[in-house]
Each structure stands twice: as C-alpha cells, then as structure tokens.
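One file, query-v5.cif, carrying mmCIF, C-alpha atoms; chains and numbers go by the auth columns:
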data_entry
#
loop_
_atom_site.group_PDB
_atom_site.id
_atom_site.type_symbol
_atom_site.label_atom_id
_atom_site.label_comp_id
_atom_site.label_asym_id
_atom_site.label_seq_id
_atom_site.Cartn_x
_atom_site.Cartn_y
_atom_site.Cartn_z
_atom_site.B_iso_or_equiv
_atom_site.auth_seq_id
_atom_site.auth_asym_id
ATOM 1 C CA MET A 1 0.520 7.677 27.330 0.00 1 A
ATOM 2 C CA SER A 2 3.090 9.972 25.788 0.00 2 A
ATOM 3 C CA TYR A 3 6.228 8.127 24.723 0.00 3 A
ATOM 4 C CA ASP A 4 8.100 11.128 23.375 0.00 4 A
ATOM 5 C CA PRO A 5 7.415 14.868 23.031 0.00 5 A
ATOM 6 C CA PHE A 6 7.777 14.621 19.239 0.00 6 A
ATOM 7 C CA PHE A 7 5.107 11.944 18.746 0.00 7 A
ATOM 8 C CA GLN A 8 1.372 12.156 19.360 0.00 8 A
ATOM 9 C CA THR A 9 -0.164 8.927 20.631 0.00 9 A
ATOM 10 C CA LEU A 10 -3.419 8.221 18.764 0.00 10 A
ATOM 11 C CA HIS A 11 -4.042 4.731 20.178 0.00 11 A
ATOM 12 C CA ASP A 12 -2.256 2.888 22.947 0.00 12 A
ATOM 13 C CA GLU A 13 -2.651 -0.677 24.127 0.00 13 A
ATOM 14 C CA LEU A 14 -0.520 -0.994 27.248 0.00 14 A
ATOM 15 C CA HIS A 15 -0.997 -4.734 27.659 0.00 15 A
ATOM 16 C CA PRO A 16 -1.603 -7.754 25.443 0.00 16 A
ATOM 17 C CA VAL A 17 -5.097 -8.076 24.028 0.00 17 A
ATOM 18 C CA GLY A 18 -6.282 -11.646 23.547 0.00 18 A
ATOM 19 C CA ASN A 19 -3.932 -14.546 22.852 0.00 19 A
ATOM 20 C CA PHE A 20 -2.128 -13.444 19.732 0.00 20 A
ATOM 21 C CA GLY A 21 1.583 -13.818 19.035 0.00 21 A
ATOM 22 C CA HIS A 22 2.935 -14.211 22.575 0.00 22 A
ATOM 23 C CA GLY A 23 1.292 -11.060 23.894 0.00 23 A
ATOM 24 C CA SER A 24 1.249 -8.822 20.842 0.00 24 A
ATOM 25 C CA HIS A 25 -0.491 -5.478 21.090 0.00 25 A
ATOM 26 C CA TYR A 26 -0.027 -2.148 19.373 0.00 26 A
ATOM 27 C CA SER A 27 0.035 1.640 19.544 0.00 27 A
ATOM 28 C CA VAL A 28 -0.453 4.178 16.767 0.00 28 A
ATOM 29 C CA LEU A 29 1.694 7.319 16.770 0.00 29 A
ATOM 30 C CA ARG A 30 1.613 10.461 14.624 0.00 30 A
ATOM 31 C CA VAL A 31 4.468 12.779 13.734 0.00 31 A
ATOM 32 C CA PRO A 32 4.920 15.696 11.310 0.00 32 A
ATOM 33 C CA ILE A 33 7.178 14.944 8.340 0.00 33 A
ATOM 34 C CA TRP A 34 8.584 16.786 5.341 0.00 34 A
ATOM 35 C CA HIS A 35 9.255 13.872 2.970 0.00 35 A
ATOM 36 C CA ASP A 36 6.893 11.545 1.136 0.00 36 A
ATOM 37 C CA LYS A 37 6.983 7.772 1.488 0.00 37 A
ATOM 38 C CA PHE A 38 9.598 7.569 -1.273 0.00 38 A
ATOM 39 C CA MET A 39 11.809 9.989 0.720 0.00 39 A
ATOM 40 C CA LYS A 40 11.285 12.890 -1.691 0.00 40 A
ATOM 41 C CA LYS A 41 10.936 16.385 -0.219 0.00 41 A
ATOM 42 C CA LEU A 42 7.332 17.594 0.130 0.00 42 A
ATOM 43 C CA ASP A 43 6.238 21.119 -0.745 0.00 43 A
ATOM 44 C CA PHE A 44 4.082 21.125 2.399 0.00 44 A
ATOM 45 C CA GLY A 45 4.506 19.383 5.729 0.00 45 A
ATOM 46 C CA ALA A 46 2.397 16.266 6.295 0.00 46 A
ATOM 47 C CA LEU A 47 1.517 13.891 9.111 0.00 47 A
ATOM 48 C CA LEU A 48 2.680 10.293 9.319 0.00 48 A
ATOM 49 C CA ASP A 49 0.700 7.690 11.254 0.00 49 A
ATOM 50 C CA PHE A 50 2.570 4.468 12.014 0.00 50 A
ATOM 51 C CA ALA A 51 2.120 1.568 14.409 0.00 51 A
ATOM 52 C CA ILE A 52 4.389 0.153 17.060 0.00 52 A
ATOM 53 C CA ILE A 53 3.896 -3.576 17.473 0.00 53 A
ATOM 54 C CA TRP A 54 4.687 -4.512 21.060 0.00 54 A
ATOM 55 C CA ASP A 55 5.433 -7.964 22.406 0.00 55 A
ATOM 56 C CA GLU A 56 4.449 -9.068 25.901 0.00 56 A
ATOM 57 C CA ASP A 57 6.984 -6.887 27.746 0.00 57 A
ATOM 58 C CA HIS A 58 5.956 -3.543 26.121 0.00 58 A
ATOM 59 C CA ASP A 59 9.613 -2.489 25.899 0.00 59 A
ATOM 60 C CA ALA A 60 9.518 1.310 25.545 0.00 60 A
ATOM 61 C CA ARG A 61 13.211 1.335 24.604 0.00 61 A
ATOM 62 C CA ILE A 62 11.917 1.064 21.024 0.00 62 A
ATOM 63 C CA ILE A 63 11.160 4.788 21.155 0.00 63 A
ATOM 64 C CA GLU A 64 14.890 5.581 20.959 0.00 64 A
ATOM 65 C CA PRO A 65 15.423 4.013 17.506 0.00 65 A
ATOM 66 C CA ILE A 66 12.100 5.476 16.302 0.00 66 A
ATOM 67 C CA ARG A 67 13.276 8.930 17.376 0.00 67 A
ATOM 68 C CA GLU A 68 16.604 8.353 15.619 0.00 68 A
ATOM 69 C CA LEU A 69 14.827 7.249 12.429 0.00 69 A
ATOM 70 C CA TYR A 70 12.688 10.383 12.633 0.00 70 A
ATOM 71 C CA PHE A 71 15.580 12.796 13.098 0.00 71 A
ATOM 72 C CA SER A 72 17.547 11.024 10.368 0.00 72 A
ATOM 73 C CA GLY A 73 14.681 11.551 7.905 0.00 73 A
ATOM 74 C CA LEU A 74 14.074 7.798 7.581 0.00 74 A
ATOM 75 C CA LEU A 75 10.619 7.414 9.134 0.00 75 A
ATOM 76 C CA ALA A 76 8.392 8.421 6.175 0.00 76 A
ATOM 77 C CA PRO A 77 8.133 4.967 4.519 0.00 77 A
ATOM 78 C CA VAL A 78 7.674 3.112 7.845 0.00 78 A
ATOM 79 C CA ARG A 79 4.239 1.668 8.591 0.00 79 A
ATOM 80 C CA TYR A 80 5.069 -0.733 11.444 0.00 80 A
ATOM 81 C CA ILE A 81 7.993 -0.955 13.802 0.00 81 A
ATOM 82 C CA GLY A 82 8.461 -3.446 16.582 0.00 82 A
ATOM 83 C CA GLU A 83 10.850 -5.122 18.964 0.00 83 A
ATOM 84 C CA ARG A 84 10.751 -8.800 19.704 0.00 84 A
ATOM 85 C CA LYS A 85 13.438 -10.713 21.589 0.00 85 A
ATOM 86 C CA GLY A 86 15.879 -7.797 21.289 0.00 86 A
ATOM 87 C CA ALA A 87 15.516 -7.433 17.522 0.00 87 A
ATOM 88 C CA LEU A 88 14.175 -4.313 15.823 0.00 88 A
ATOM 89 C CA SER A 89 11.744 -4.907 12.929 0.00 89 A
ATOM 90 C CA VAL A 90 11.061 -2.024 10.548 0.00 90 A
ATOM 91 C CA LEU A 91 8.310 -2.693 8.008 0.00 91 A
ATOM 92 C CA LEU A 92 7.982 -0.352 5.055 0.00 92 A
ATOM 93 C CA GLU A 93 4.999 0.362 2.856 0.00 93 A
ATOM 94 C CA THR A 94 4.930 -2.310 0.153 0.00 94 A
ATOM 95 C CA GLU A 95 4.667 0.185 -2.705 0.00 95 A
ATOM 96 C CA VAL A 96 7.927 1.819 -1.595 0.00 96 A
ATOM 97 C CA VAL A 97 9.896 -1.423 -1.470 0.00 97 A
ATOM 98 C CA LYS A 98 8.607 -2.391 -4.926 0.00 98 A
ATOM 99 C CA ALA A 99 9.500 1.029 -6.371 0.00 99 A
ATOM 100 C CA TRP A 100 13.016 1.229 -4.956 0.00 100 A
ATOM 101 C CA ASP A 101 15.835 -0.474 -6.808 0.00 101 A
ATOM 102 C CA GLY A 102 18.020 -2.895 -4.864 0.00 102 A
ATOM 103 C CA ALA A 103 20.733 -0.308 -4.179 0.00 103 A
ATOM 104 C CA THR A 104 18.268 2.217 -2.717 0.00 104 A
ATOM 105 C CA PHE A 105 16.706 -0.419 -0.487 0.00 105 A
ATOM 106 C CA GLU A 106 20.146 -1.555 0.701 0.00 106 A
ATOM 107 C CA ARG A 107 21.198 2.049 1.473 0.00 107 A
ATOM 108 C CA TYR A 108 18.037 2.484 3.530 0.00 108 A
ATOM 109 C CA ARG A 109 18.609 -0.840 5.324 0.00 109 A
ATOM 110 C CA SER A 110 22.206 0.128 6.047 0.00 110 A
ATOM 111 C CA LYS A 111 21.162 3.429 7.622 0.00 111 A
ATOM 112 C CA VAL A 112 18.601 1.667 9.821 0.00 112 A
ATOM 113 C CA GLY A 113 21.275 -0.862 10.784 0.00 113 A
ATOM 114 C CA LYS A 114 23.676 1.892 11.815 0.00 114 A
ATOM 115 C CA ILE A 115 20.995 3.406 14.032 0.00 115 A
ATOM 116 C CA ALA A 116 20.178 0.017 15.608 0.00 116 A
ATOM 117 C CA GLN A 117 23.851 -0.658 16.306 0.00 117 A
ATOM 118 C CA ASN A 118 24.639 2.821 17.671 0.00 118 A
ATOM 119 C CA LEU A 119 22.003 2.829 20.409 0.00 119 A
ATOM 120 C CA ASP A 120 22.921 2.720 24.089 0.00 120 A
ATOM 121 C CA ASP A 121 21.721 -0.899 23.937 0.00 121 A
ATOM 122 C CA PRO A 122 22.502 -2.127 20.353 0.00 122 A
ATOM 123 C CA TRP A 123 19.874 -4.330 18.701 0.00 123 A
ATOM 124 C CA ALA A 124 19.778 -6.837 15.911 0.00 124 A
ATOM 125 C CA TRP A 125 17.593 -5.434 13.139 0.00 125 A
ATOM 126 C CA GLU A 126 15.627 -6.171 10.007 0.00 126 A
ATOM 127 C CA VAL A 127 13.982 -3.997 7.363 0.00 127 A
ATOM 128 C CA ASP A 128 11.338 -5.511 5.125 0.00 128 A
ATOM 129 C CA SER A 129 8.111 -4.870 3.295 0.00 129 A
ATOM 130 C CA VAL A 130 4.815 -5.073 5.179 0.00 130 A
ATOM 131 C CA ASP A 131 3.646 -7.864 2.868 0.00 131 A
ATOM 132 C CA SER A 132 6.823 -9.939 3.196 0.00 132 A
ATOM 133 C CA ARG A 133 6.663 -13.374 4.799 0.00 133 A
ATOM 134 C CA GLU A 134 10.290 -13.068 5.923 0.00 134 A
ATOM 135 C CA HIS A 135 9.996 -10.586 8.797 0.00 135 A
ATOM 136 C CA SER A 136 9.620 -11.568 12.446 0.00 136 A
ATOM 137 C CA ILE A 137 7.729 -8.618 13.924 0.00 137 A
ATOM 138 C CA ILE A 138 5.270 -11.062 15.579 0.00 138 A
ATOM 139 C CA TYR A 139 5.962 -14.685 16.418 0.00 139 A
ATOM 140 C CA THR A 140 2.996 -16.574 14.986 0.00 140 A
ATOM 141 C CA ALA A 141 1.720 -17.892 11.652 0.00 141 A
ATOM 142 C CA ASP A 142 2.518 -15.634 8.674 0.00 142 A
ATOM 143 C CA ASP A 143 -1.104 -15.487 7.483 0.00 143 A
ATOM 144 C CA ASP A 144 -2.267 -14.423 10.953 0.00 144 A
ATOM 145 C CA VAL A 145 0.407 -11.712 11.119 0.00 145 A
ATOM 146 C CA ALA A 146 -0.685 -10.393 7.701 0.00 146 A
ATOM 147 C CA ILE A 147 -4.319 -10.225 8.854 0.00 147 A
ATOM 148 C CA TYR A 148 -3.384 -8.526 12.140 0.00 148 A
ATOM 149 C CA LEU A 149 -1.300 -5.859 10.403 0.00 149 A
ATOM 150 C CA LYS A 150 -3.953 -5.311 7.737 0.00 150 A
ATOM 151 C CA ASN A 151 -6.611 -4.852 10.435 0.00 151 A
ATOM 152 C CA ILE A 152 -4.515 -2.154 12.107 0.00 152 A
ATOM 153 C CA ASP A 153 -4.101 -0.421 8.750 0.00 153 A
ATOM 154 C CA VAL A 154 -7.839 -0.636 8.019 0.00 154 A
ATOM 155 C CA LEU A 155 -8.682 0.836 11.434 0.00 155 A
ATOM 156 C CA TRP A 156 -6.114 3.635 11.379 0.00 156 A
ATOM 157 C CA GLN A 157 -5.276 4.163 7.686 0.00 157 A
ATOM 158 C CA LEU A 158 -1.570 4.256 8.420 0.00 158 A
ATOM 159 C CA GLY A 159 0.705 6.348 6.259 0.00 159 A
ATOM 160 C CA ILE A 160 1.090 9.959 5.253 0.00 160 A
ATOM 161 C CA LYS A 161 -1.774 12.407 5.563 0.00 161 A
ATOM 162 C CA ARG A 162 -1.712 15.908 4.244 0.00 162 A
ATOM 163 C CA SER A 163 -1.532 18.374 7.132 0.00 163 A
ATOM 164 C CA GLN A 164 -4.553 20.529 7.887 0.00 164 A
ATOM 165 C CA GLY A 165 -2.202 23.420 8.672 0.00 165 A
ATOM 166 C CA SER A 166 -0.664 26.112 6.511 0.00 166 A
ATOM 167 C CA ARG A 167 -0.607 25.780 2.723 0.00 167 A
ATOM 168 C CA ILE A 168 2.374 28.089 2.370 0.00 168 A
ATOM 169 C CA LYS A 169 5.231 26.248 0.671 0.00 169 A
ATOM 170 C CA LEU A 170 8.213 25.339 2.799 0.00 170 A
ATOM 171 C CA PHE A 171 10.934 27.961 2.751 0.00 171 A
ATOM 172 C CA ASP A 172 13.716 27.031 0.358 0.00 172 A
ATOM 173 C CA ALA A 173 16.741 29.310 0.815 0.00 173 A
#
Final structure tokens representation of the file:
Amino acid sequence: MSYDPFFQTLHDELHPVGNFGHGSHYSVLRVPIWHDKFMKKLDFGALLDFAIIWDEDHDARIIEPIRELYFSGLLAPVRYIGERKGALSVLLETEVVKAWDGATFERYRSKVGKIAQNLDDPWAWEVDSVDSREHSIIYTADDDVAIYLKNIDVLWQLGIKRSQGSRIKLFDA
C-alpha cells in the first residue's frame, strides 16, 4: 500500500499479527533525506528507513504528522513513530538523544509538539529515545516492547543508508 507519494513502503502489515500489544503491527517506509541523524546537512542525499507502529485500528492519519516532520526537516533521527489512543509517539535513535544536550532535545520536542498540535485533528504527543522505558508507543510490558522494536530493527536495519544514486555533492549556492 502507498500511504503517501513521498514515501516508499518497504513492508506493510495491514492488520494485527499475533496477540501483541492490543493489535500492534508495523510498516517500514523509506524516504530520501539530506540531513544525518544528528540533523547536520549531508554532502550527498541518503535514504531513511523508519517504522510506523500501528495499533489495532491502523489509523492512517499518522501519515499527516510524518509528512510534516519530513517537510520540516525533523524526520532524520526518527526510527519509530506510532499512534495509540490519539497520542503520537516519536522515538529517536538512542545515540542521537544521548549526544544532544538538554536544550537541543527540548527544541526538537517543541517542534514536534507544534506539528502535533497544528494538525487538522490535534494530537497529544511524546518524543523519546528508542531505549527509554517511558514511552507508550505500544501498550504492553516494557521488556516486550523493547524486544519487538529491536526485532524490527534487526530485520530492516532502520536508519540512514547512503543513497546508491549520484555522488555529485549537493549544490550549495
């Protein structure tokens, strides 16, 4: 299924698989980006693979905030994004959260919050590290969530991949 013309769907579970986390299932999307995971400009474009964690209702409205994050240049550090009970969860690569100082992390969180609140249907939101035990992307035991997310990462090697396209540096006027 294609959720948006800007994202390539690499893997798509349309319905819950098994009995995990009240119907959790996932999709993996790919998009071209021009910033690394730390939000620094790249010399060459790259590809970002990230996962959407769906709950039982497979609410495709989550594509709108993902698109807004993308066009705002905020998607590069994201590894998982999900919606559960009307709340948007954005999980960042652990290395990024550890490297950012508190002010940088709060600026990022604030920008995500503005996007979540300025949607046609505003959502509560959270931004956290993938390895945090504080997020609520899936409603089940923390250890089980960690294993589930790690399995997705092992299968798909989420994150930034160097593009196989042109090696000509981006134009810098």
Considering all atoms listed in the file, tabulate each residue of region 21-50 of chain A that lies at most 12 Å from region 87-101 of chain A along with its nearest interatomic pair and the corresponding distance in Å to one decimal; arrange the rows by chain and ascending residue number and present them as a tab-separated table.
residue	atom	partner	partner_atom	distance
A:Asp36	CA	A:Val96	CA	10.2
A:Lys37	CA	A:Val96	CA	6.8
A:Phe38	CA	A:Val96	CA	6.0
A:Met39	CA	A:Val96	CA	9.3
A:Lys40	CA	A:Val96	CA	11.6
A:Asp49	CA	A:Glu93	CA	11.9
A:Phe50	CA	A:Leu91	CA	10.0
Selected residues written out with C-alpha atoms, as a PDB file, in the frame of the given file:
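Dumped to part-v4.pdb:
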ATOM      1  CA  ASP A  36       6.893  11.545   1.136  1.00  0.00           C
ATOM      2  CA  LYS A  37       6.983   7.772   1.488  1.00  0.00           C
ATOM      3  CA  PHE A  38       9.598   7.569  -1.273  1.00  0.00           C
ATOM      4  CA  MET A  39      11.809   9.989   0.720  1.00  0.00           C
ATOM      5  CA  LYS A  40      11.285  12.890  -1.691  1.00  0.00           C
ATOM      6  CA  ASP A  49       0.700   7.690  11.254  1.00  0.00           C
ATOM      7  CA  PHE A  50       2.570   4.468  12.014  1.00  0.00           C
TER       8      PHE A  50
END
### Query
Mind telling me what the PyMOL selection byres ((chain A and resi 136-143) around 10) catches here, as a PyMOL selection string?
chain A and resi 20-25+52-55+80-85+87-91+126+128+130-135+144-149
Export C-alpha atoms of the chosen residues as a compact mmCIF listing (two decimals), keeping the file's coordinate frame?
# COMPACT_ATOMS: atom_id res chain seq x y z
CA PHE A 20 -2.13 -13.44 19.73
CA GLY A 21 1.58 -13.82 19.04
CA HIS A 22 2.94 -14.21 22.58
CA GLY A 23 1.29 -11.06 23.89
CA SER A 24 1.25 -8.82 20.84
CA HIS A 25 -0.49 -5.48 21.09
CA ILE A 52 4.39 0.15 17.06
CA ILE A 53 3.90 -3.58 17.47
CA TRP A 54 4.69 -4.51 21.06
CA ASP A 55 5.43 -7.96 22.41
CA TYR A 80 5.07 -0.73 11.44
CA ILE A 81 7.99 -0.96 13.80
CA GLY A 82 8.46 -3.45 16.58
CA GLU A 83 10.85 -5.12 18.96
CA ARG A 84 10.75 -8.80 19.70
CA LYS A 85 13.44 -10.71 21.59
CA ALA A 87 15.52 -7.43 17.52
CA LEU A 88 14.18 -4.31 15.82
CA SER A 89 11.74 -4.91 12.93
CA VAL A 90 11.06 -2.02 10.55
CA LEU A 91 8.31 -2.69 8.01
CA GLU A 126 15.63 -6.17 10.01
CA ASP A 128 11.34 -5.51 5.12
CA VAL A 130 4.82 -5.07 5.18
CA ASP A 131 3.65 -7.86 2.87
CA SER A 132 6.82 -9.94 3.20
CA ARG A 133 6.66 -13.37 4.80
CA GLU A 134 10.29 -13.07 5.92
CA HIS A 135 10.00 -10.59 8.80
CA ASP A 144 -2.27 -14.42 10.95
CA VAL A 145 0.41 -11.71 11.12
CA ALA A 146 -0.68 -10.39 7.70
CA ILE A 147 -4.32 -10.22 8.85
CA TYR A 148 -3.38 -8.53 12.14
CA LEU A 149 -1.30 -5.86 10.40
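The closest residue to Lys111 (chain A), picked from A:Pro65, A:Pro32, A:Gly45, A:Pro5 and counting only C-alpha atoms, is A:Pro65.
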Please write the residues picked by the PyMOL selection byres ((chain A and resi 48) around 12) on this file as a short mmCIF file (atom, residue, chain, number, x, y, z; two decimals) with C-alpha atoms, in the coordinates of the input.
data_model
loop_
_atom_site.label_atom_id
_atom_site.label_comp_id
_atom_site.auth_asym_id
_atom_site.auth_seq_id
_atom_site.Cartn_x
_atom_site.Cartn_y
_atom_site.Cartn_z
CA PHE A 6 7.78 14.62 19.24
CA PHE A 7 5.11 11.94 18.75
CA GLN A 8 1.37 12.16 19.36
CA THR A 9 -0.16 8.93 20.63
CA LEU A 10 -3.42 8.22 18.76
CA VAL A 28 -0.45 4.18 16.77
CA LEU A 29 1.69 7.32 16.77
CA ARG A 30 1.61 10.46 14.62
CA VAL A 31 4.47 12.78 13.73
CA PRO A 32 4.92 15.70 11.31
CA ILE A 33 7.18 14.94 8.34
CA TRP A 34 8.58 16.79 5.34
CA HIS A 35 9.26 13.87 2.97
CA ASP A 36 6.89 11.54 1.14
CA LYS A 37 6.98 7.77 1.49
CA GLY A 45 4.51 19.38 5.73
CA ALA A 46 2.40 16.27 6.30
CA LEU A 47 1.52 13.89 9.11
CA ASP A 49 0.70 7.69 11.25
CA PHE A 50 2.57 4.47 12.01
CA ALA A 51 2.12 1.57 14.41
CA TYR A 70 12.69 10.38 12.63
CA LEU A 74 14.07 7.80 7.58
CA LEU A 75 10.62 7.41 9.13
CA ALA A 76 8.39 8.42 6.18
CA PRO A 77 8.13 4.97 4.52
CA VAL A 78 7.67 3.11 7.84
CA ARG A 79 4.24 1.67 8.59
CA TYR A 80 5.07 -0.73 11.44
CA TRP A 156 -6.11 3.64 11.38
CA GLN A 157 -5.28 4.16 7.69
CA LEU A 158 -1.57 4.26 8.42
CA GLY A 159 0.70 6.35 6.26
CA ILE A 160 1.09 9.96 5.25
CA LYS A 161 -1.77 12.41 5.56
CA ARG A 162 -1.71 15.91 4.24
CA SER A 163 -1.53 18.37 7.13
#
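Selection check: the PyMOL selection byres ((chain A and resi 61) around 12) on the shown file gives A:Tyr3, A:Asp4, A:Ile52, A:Trp54, A:Asp57, A:His58, A:Asp59, A:Ala60, A:Ile62, A:Ile63, A:Glu64, A:Pro65, A:Ile66, A:Arg67, A:Glu68, A:Gly82, A:Glu83, A:Arg84, A:Gly86, A:Ala87, A:Leu88, A:Ala116, A:Leu119, A:Asp120, A:Asp121, A:Pro122, A:Trp123.
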Serialized region 122-135 of chain A w/ N, CA and C atoms as a PDB file, in the first residue's frame:
ATOM      1  N   PRO A 122      -5.729  17.747  16.129  1.00  0.00           N
ATOM      2  CA  PRO A 122      -4.556  17.819  17.021  1.00  0.00           C
ATOM      3  C   PRO A 122      -4.430  16.587  17.916  1.00  0.00           C
ATOM      4  N   TRP A 123      -3.177  16.187  18.172  1.00  0.00           N
ATOM      5  CA  TRP A 123      -2.893  15.003  18.968  1.00  0.00           C
ATOM      6  C   TRP A 123      -2.022  15.352  20.159  1.00  0.00           C
ATOM      7  N   ALA A 124      -2.195  14.600  21.224  1.00  0.00           N
ATOM      8  CA  ALA A 124      -1.197  14.613  22.292  1.00  0.00           C
ATOM      9  C   ALA A 124       0.062  14.008  21.684  1.00  0.00           C
ATOM     10  N   TRP A 125       1.221  14.232  22.285  1.00  0.00           N
ATOM     11  CA  TRP A 125       2.452  13.766  21.662  1.00  0.00           C
ATOM     12  C   TRP A 125       3.525  13.492  22.704  1.00  0.00           C
ATOM     13  N   GLU A 126       4.474  12.667  22.296  1.00  0.00           N
ATOM     14  CA  GLU A 126       5.660  12.412  23.109  1.00  0.00           C
ATOM     15  C   GLU A 126       6.830  12.150  22.172  1.00  0.00           C
ATOM     16  N   VAL A 127       8.006  12.576  22.592  1.00  0.00           N
ATOM     17  CA  VAL A 127       9.255  12.306  21.889  1.00  0.00           C
ATOM     18  C   VAL A 127      10.177  11.672  22.904  1.00  0.00           C
ATOM     19  N   ASP A 128      10.793  10.558  22.529  1.00  0.00           N
ATOM     20  CA  ASP A 128      11.660   9.856  23.472  1.00  0.00           C
ATOM     21  C   ASP A 128      12.700   9.068  22.693  1.00  0.00           C
ATOM     22  N   SER A 129      13.585   8.457  23.425  1.00  0.00           N
ATOM     23  CA  SER A 129      14.594   7.579  22.854  1.00  0.00           C
ATOM     24  C   SER A 129      13.996   6.183  22.663  1.00  0.00           C
ATOM     25  N   VAL A 130      14.472   5.463  21.661  1.00  0.00           N
ATOM     26  CA  VAL A 130      14.004   4.109  21.417  1.00  0.00           C
ATOM     27  C   VAL A 130      14.176   3.238  22.655  1.00  0.00           C
ATOM     28  N   ASP A 131      15.276   3.412  23.375  1.00  0.00           N
ATOM     29  CA  ASP A 131      15.557   2.541  24.519  1.00  0.00           C
ATOM     30  C   ASP A 131      14.933   3.014  25.833  1.00  0.00           C
ATOM     31  N   SER A 132      14.161   4.083  25.792  1.00  0.00           N
ATOM     32  CA  SER A 132      13.509   4.580  27.000  1.00  0.00           C
ATOM     33  C   SER A 132      12.416   3.615  27.459  1.00  0.00           C
ATOM     34  N   ARG A 133      12.169   3.608  28.735  1.00  0.00           N
ATOM     35  CA  ARG A 133      11.055   2.822  29.298  1.00  0.00           C
ATOM     36  C   ARG A 133       9.857   3.732  29.592  1.00  0.00           C
ATOM     37  N   GLU A 134       9.946   4.983  29.166  1.00  0.00           N
ATOM     38  CA  GLU A 134       8.908   5.964  29.481  1.00  0.00           C
ATOM     39  C   GLU A 134       7.876   6.139  28.361  1.00  0.00           C
ATOM     40  N   HIS A 135       8.191   5.734  27.151  1.00  0.00           N
ATOM     41  CA  HIS A 135       7.264   5.972  26.046  1.00  0.00           C
ATOM     42  C   HIS A 135       6.107   4.975  26.072  1.00  0.00           C
TER      43      HIS A 135
END
